[in-house]
$ cat work_9.txt   # compact mmCIF, C-alpha atoms
# COMPACT_ATOMS: atom_id res chain seq x y z
CA MET A 1 -46.59 127.67 -34.98
CA ASN A 2 -48.26 125.22 -37.26
CA THR A 3 -51.97 124.80 -36.88
CA GLY A 4 -53.04 121.38 -35.73
CA LYS A 5 -50.25 121.08 -33.16
CA ILE A 6 -51.46 119.99 -29.71
CA VAL A 7 -50.18 122.11 -26.83
CA THR A 8 -50.01 120.44 -23.43
CA SER A 9 -48.97 123.37 -21.25
CA ILE A 10 -48.87 127.18 -21.35
CA LYS A 11 -46.93 128.38 -18.32
CA VAL A 12 -47.00 132.08 -17.49
CA THR A 13 -47.04 134.02 -14.22
CA ASP A 14 -49.63 136.13 -12.49
CA PHE A 15 -48.91 139.56 -11.02
CA TYR A 16 -47.68 137.95 -7.81
CA HIS A 17 -45.05 135.85 -9.64
CA ASN A 18 -47.05 132.63 -9.20
CA GLU A 19 -46.77 130.18 -12.09
CA VAL A 20 -50.06 129.51 -13.86
CA ASP A 21 -50.68 126.86 -16.51
CA LEU A 22 -53.39 128.37 -18.68
CA LEU A 23 -54.44 124.99 -20.06
CA GLU A 24 -55.12 123.75 -16.53
CA LYS A 25 -56.80 126.93 -15.36
CA TYR A 26 -59.06 127.20 -18.42
CA ALA A 27 -59.43 123.48 -19.13
CA ASN A 28 -61.78 122.39 -21.90
CA LYS A 29 -62.40 125.93 -23.15
CA ILE A 30 -61.66 127.68 -26.39
CA LEU A 31 -58.78 130.07 -25.69
CA LEU A 32 -57.90 133.21 -27.60
CA LEU A 33 -54.44 134.28 -26.48
CA LEU A 34 -53.19 137.77 -27.25
CA PHE A 35 -49.41 138.09 -26.97
CA TYR A 36 -48.66 141.77 -26.61
CA ASN A 37 -46.34 144.32 -25.05
CA ASN A 38 -47.22 147.71 -23.54
CA ALA A 39 -44.52 149.38 -25.66
CA CYS A 40 -46.29 148.22 -28.85
CA LEU A 41 -48.65 150.96 -30.04
CA GLY A 42 -50.52 148.56 -32.31
CA CYS A 43 -51.10 146.38 -29.25
CA THR A 44 -52.35 149.07 -26.91
CA GLY A 45 -54.19 151.10 -29.55
CA ARG A 46 -55.83 148.34 -31.59
CA ALA A 47 -55.28 144.81 -30.29
CA ILE A 48 -56.29 145.35 -26.66
CA PRO A 49 -59.55 147.12 -27.64
CA LEU A 50 -60.21 144.36 -30.20
CA ALA A 51 -59.61 141.68 -27.55
CA TYR A 52 -62.17 143.37 -25.29
CA LYS A 53 -64.66 143.56 -28.16
CA LEU A 54 -64.12 139.86 -28.93
CA LYS A 55 -64.57 138.94 -25.27
CA ARG A 56 -68.01 140.57 -25.30
CA ALA A 57 -68.99 139.11 -28.68
CA TYR A 58 -67.89 135.51 -27.98
CA GLU A 59 -69.00 134.60 -24.48
CA ASP A 60 -67.90 130.95 -24.86
CA ILE A 61 -64.30 131.93 -25.57
CA GLU A 62 -61.75 132.81 -22.92
CA VAL A 63 -59.83 135.87 -24.08
CA ILE A 64 -56.49 136.08 -22.31
CA GLY A 65 -53.80 138.72 -22.59
CA ILE A 66 -50.18 137.66 -22.24
CA HIS A 67 -47.69 140.47 -21.79
CA SER A 68 -44.37 139.22 -23.16
CA ASN A 69 -41.32 140.73 -21.47
CA PHE A 70 -38.35 141.37 -23.74
CA GLY A 71 -34.86 142.11 -22.40
CA SER A 72 -34.99 143.93 -19.09
CA ASN A 73 -38.50 145.22 -19.79
CA ASN A 74 -40.21 143.64 -16.78
CA ILE A 75 -43.75 144.87 -16.29
CA THR A 76 -45.74 145.28 -13.09
CA LYS A 77 -49.47 145.16 -12.47
CA ASP A 78 -49.48 148.97 -12.27
CA GLY A 79 -47.69 149.12 -15.60
CA ILE A 80 -50.30 146.85 -17.18
CA LEU A 81 -53.16 148.84 -15.67
CA SER A 82 -51.65 152.13 -16.89
CA ILE A 83 -52.87 151.50 -20.46
CA PHE A 84 -56.52 151.21 -19.41
CA THR A 85 -58.85 154.13 -18.73
CA ILE A 86 -60.35 152.30 -15.77
CA ASN A 87 -58.30 150.79 -12.97
CA GLU A 88 -59.27 147.19 -13.68
CA LEU A 89 -58.48 144.54 -16.26
CA PRO A 90 -61.08 143.95 -18.99
CA PHE A 91 -59.94 140.31 -19.28
CA PRO A 92 -57.29 138.17 -17.56
CA ILE A 93 -53.71 139.21 -18.25
CA TYR A 94 -50.62 137.20 -17.41
CA ILE A 95 -46.89 137.76 -17.74
CA ASP A 96 -44.63 135.86 -20.13
CA ASN A 97 -41.21 136.33 -18.56
CA ASN A 98 -38.32 136.20 -21.00
CA HIS A 99 -40.92 135.75 -23.80
CA LYS A 100 -40.80 131.96 -23.44
CA MET A 101 -44.40 131.32 -24.56
CA TYR A 102 -44.10 133.98 -27.25
CA ASP A 103 -41.15 132.02 -28.62
CA PHE A 104 -42.87 128.65 -28.12
CA PHE A 105 -45.70 129.75 -30.42
CA ASN A 106 -43.19 131.10 -32.99
CA SER A 107 -44.76 134.54 -32.73
CA GLU A 108 -43.90 136.92 -35.55
CA GLY A 109 -44.19 140.03 -33.39
CA THR A 110 -46.73 141.75 -31.24
CA PRO A 111 -49.64 141.54 -31.29
CA GLN A 112 -49.85 137.82 -31.97
CA TRP A 113 -53.19 136.02 -31.66
CA VAL A 114 -53.27 132.28 -30.95
CA LEU A 115 -56.61 130.48 -31.04
CA LEU A 116 -56.75 127.09 -29.29
CA THR A 117 -59.47 124.46 -29.32
CA PRO A 118 -60.71 123.00 -26.01
CA ASP A 119 -58.31 120.09 -26.62
CA GLY A 120 -55.30 122.43 -26.81
CA GLU A 121 -54.95 122.25 -30.58
CA VAL A 122 -53.57 125.36 -32.28
CA TYR A 123 -56.46 126.30 -34.55
CA ARG A 124 -54.97 129.57 -35.87
CA SER A 125 -52.03 131.85 -35.18
CA ILE A 126 -52.37 135.35 -36.60
CA PHE A 127 -49.91 138.23 -36.43
CA GLY A 128 -51.05 141.83 -36.31
CA SER A 129 -53.99 144.06 -35.53
CA GLN A 130 -54.76 145.63 -38.90
CA GLY A 131 -57.73 144.93 -41.15
CA ASN A 132 -56.63 141.72 -42.84
CA ALA A 133 -55.45 140.20 -39.56
CA GLN A 134 -58.71 141.22 -37.88
CA ASN A 135 -60.74 139.67 -40.71
CA ARG A 136 -58.73 136.45 -40.51
CA LEU A 137 -59.27 136.39 -36.75
CA TYR A 138 -63.02 136.90 -37.09
CA TYR A 139 -63.25 134.13 -39.71
CA ALA A 140 -61.29 131.76 -37.47
CA LEU A 141 -63.50 132.54 -34.47
CA GLU A 142 -66.67 132.05 -36.50
CA SER A 143 -65.39 128.81 -37.98
CA LEU A 144 -64.25 127.36 -34.66
CA THR A 145 -67.37 128.34 -32.72
CA LYS A 146 -69.60 126.84 -35.43
CA ASN A 147 -67.58 123.61 -35.26
CA GLU A 148 -68.08 123.49 -31.47
CA ASP A 149 -71.90 123.68 -31.62

$ encode --input "work_9.txt" --output "structure tokens"
Amino acid sequence: MNTGKIVTSIKVTDFYHNEVDLLEKYANKILLLLFYNNACLGCTGRAIPLAYKLKRAYEDIEVIGIHSNFGSNNITKDGILSIFTINELPFPIYIDNNHKMYDFFNSEGTPQWVLLTPDGEVYRSIFGSQGNAQNRLYYALESLTKNED
């Protein structure tokens, strides 16, 4: 998705199949969305730990995991929790049924990071969890948080 585009709604579901609009729930906040899938080793091995690290480092940013379901791969809360060493979520995680939001943001694969301003503007969209993607993500976070001060 092109940066600069204003998003007006991000509809996902919680673990109880209730629809949640992330822009309403986290209104006026910087959002870092992580689109991932439990079957993606780069997601579970690198991106999820990085998301947790970013959550602790940037207290003013809402880090949100979005598990995108592909095909008949529907995930449950227990399935999500199975990748963590403790039986609780390190940050909010929602379900993207039929990968609708994943597609909306023109994701290149998983993990896909989407950084949104408090106004819902797509500030950056970054694919991957390797070094260059991580560096680009850190630069974007630093740049956006400096602009917000």

$ closest_residue --input "work_9.txt" --among "A:Lys11, A:Ile126, A:Asn87, A:Ile61" --to "A:Asn28" --atoms "only C-alpha atoms"
A:Ile61

$ residues_around --input "work_9.txt" --residues "stretch 73-82 of chain A" --least-positions-apart "4" --cutoff "12 Å" --atoms "only C-alpha atoms" --output "number ranges by chain"
A: 13-17, 36-39, 44, 48, 65-69, 86-99

$ residues_around --input "work_9.txt" --residues "A:Leu22" --least-positions-apart "5" --cutoff "8 Å" --atoms "all atoms listed in the file" --output "PDB file with C-alpha atoms, in the frame of the given file"
ATOM      1  CA  SER A   9     -48.970 123.370 -21.250  1.00  0.00           C
ATOM      2  CA  ILE A  10     -48.870 127.180 -21.350  1.00  0.00           C
ATOM      3  CA  LYS A  11     -46.930 128.380 -18.320  1.00  0.00           C
ATOM      4  CA  VAL A  12     -47.000 132.080 -17.490  1.00  0.00           C
ATOM      5  CA  ALA A  27     -59.430 123.480 -19.130  1.00  0.00           C
TER       6      ALA A  27
END

$ closest_atom_pairs --input "work_9.txt" --of "stretch 36-84 of chain A" --to "stretch 129-145 of chain A" --cutoff "12 Å" --atoms "all atoms listed in the file" --output "Markdown table"
| residue | atom | partner | partner_atom | distance |
| --- | --- | --- | --- | --- |
| A:Tyr36 | CA | A:Ser129 | CA | 10.6 |
| A:Cys40 | CA | A:Ser129 | CA | 11.0 |
| A:Leu41 | CA | A:Ser129 | CA | 10.3 |
| A:Gly42 | CA | A:Ser129 | CA | 6.5 |
| A:Cys43 | CA | A:Ser129 | CA | 7.3 |
| A:Thr44 | CA | A:Ser129 | CA | 10.1 |
| A:Gly45 | CA | A:Ser129 | CA | 9.2 |
| A:Arg46 | CA | A:Ser129 | CA | 6.1 |
| A:Ala47 | CA | A:Ser129 | CA | 5.4 |
| A:Ile48 | CA | A:Ser129 | CA | 9.3 |
| A:Pro49 | CA | A:Ser129 | CA | 10.1 |
| A:Leu50 | CA | A:Ser129 | CA | 8.2 |
| A:Ala51 | CA | A:Ser129 | CA | 10.0 |
| A:Lys53 | CA | A:Tyr138 | CA | 11.3 |
| A:Leu54 | CA | A:Tyr138 | CA | 8.7 |
| A:Lys55 | CA | A:Leu141 | CA | 11.3 |
| A:Ala57 | CA | A:Leu141 | CA | 10.3 |
| A:Tyr58 | CA | A:Leu141 | CA | 8.4 |
| A:Glu59 | CA | A:Thr145 | CA | 10.5 |
| A:Asp60 | CA | A:Thr145 | CA | 8.3 |
| A:Ile61 | CA | A:Thr145 | CA | 8.6 |
| A:Glu62 | CA | A:Leu141 | CA | 11.7 |
| A:Val63 | CA | A:Leu141 | CA | 11.5 |

$ closest_residue --input "work_9.txt" --among "A:Pro118, A:Gly4, A:Gly128, A:Gly109" --to "A:Leu32" --atoms "all atoms listed in the file"
A:Pro118

$ axis_aligned_box --input "work_9.txt" --around "stretch 135-138 of chain A" --padding-each-side "3 Å" --output "JSON"
{"center_x": -60.9, "center_y": 138.0, "center_z": -38.7, "size_x": 10.3, "size_y": 9.3, "size_z": 10.0}

$ atom_distance --input "work_9.txt" --atom1 "atom CA of A:Ile83" --atom2 "atom CA of A:Phe105"
25.0 Å

$ closest_residue --input "work_9.txt" --among "A:Arg124, A:Tyr52, A:Phe35, A:Phe70" --to "A:Thr110" --atoms "all atoms listed in the file"
A:Phe35

$ closest_residue --input "work_9.txt" --among "A:Glu108, A:Ser125, A:Ile64, A:Thr3" --to "A:Lys29" --atoms "all atoms listed in the file"
A:Ile64

$ atom_distance --input "work_9.txt" --atom1 "atom CA of A:Lys100" --atom2 "atom CA of A:Tyr123"
20.0 Å

$ closest_residue --input "work_9.txt" --among "A:Phe104, A:Gly120, A:Pro111, A:Phe127" --to "A:Tyr26" --atoms "only C-alpha atoms"
A:Gly120

$ atom_distance --input "work_9.txt" --atom1 "atom CA of A:Val7" --atom2 "atom CA of A:Gly71"
25.6 Å
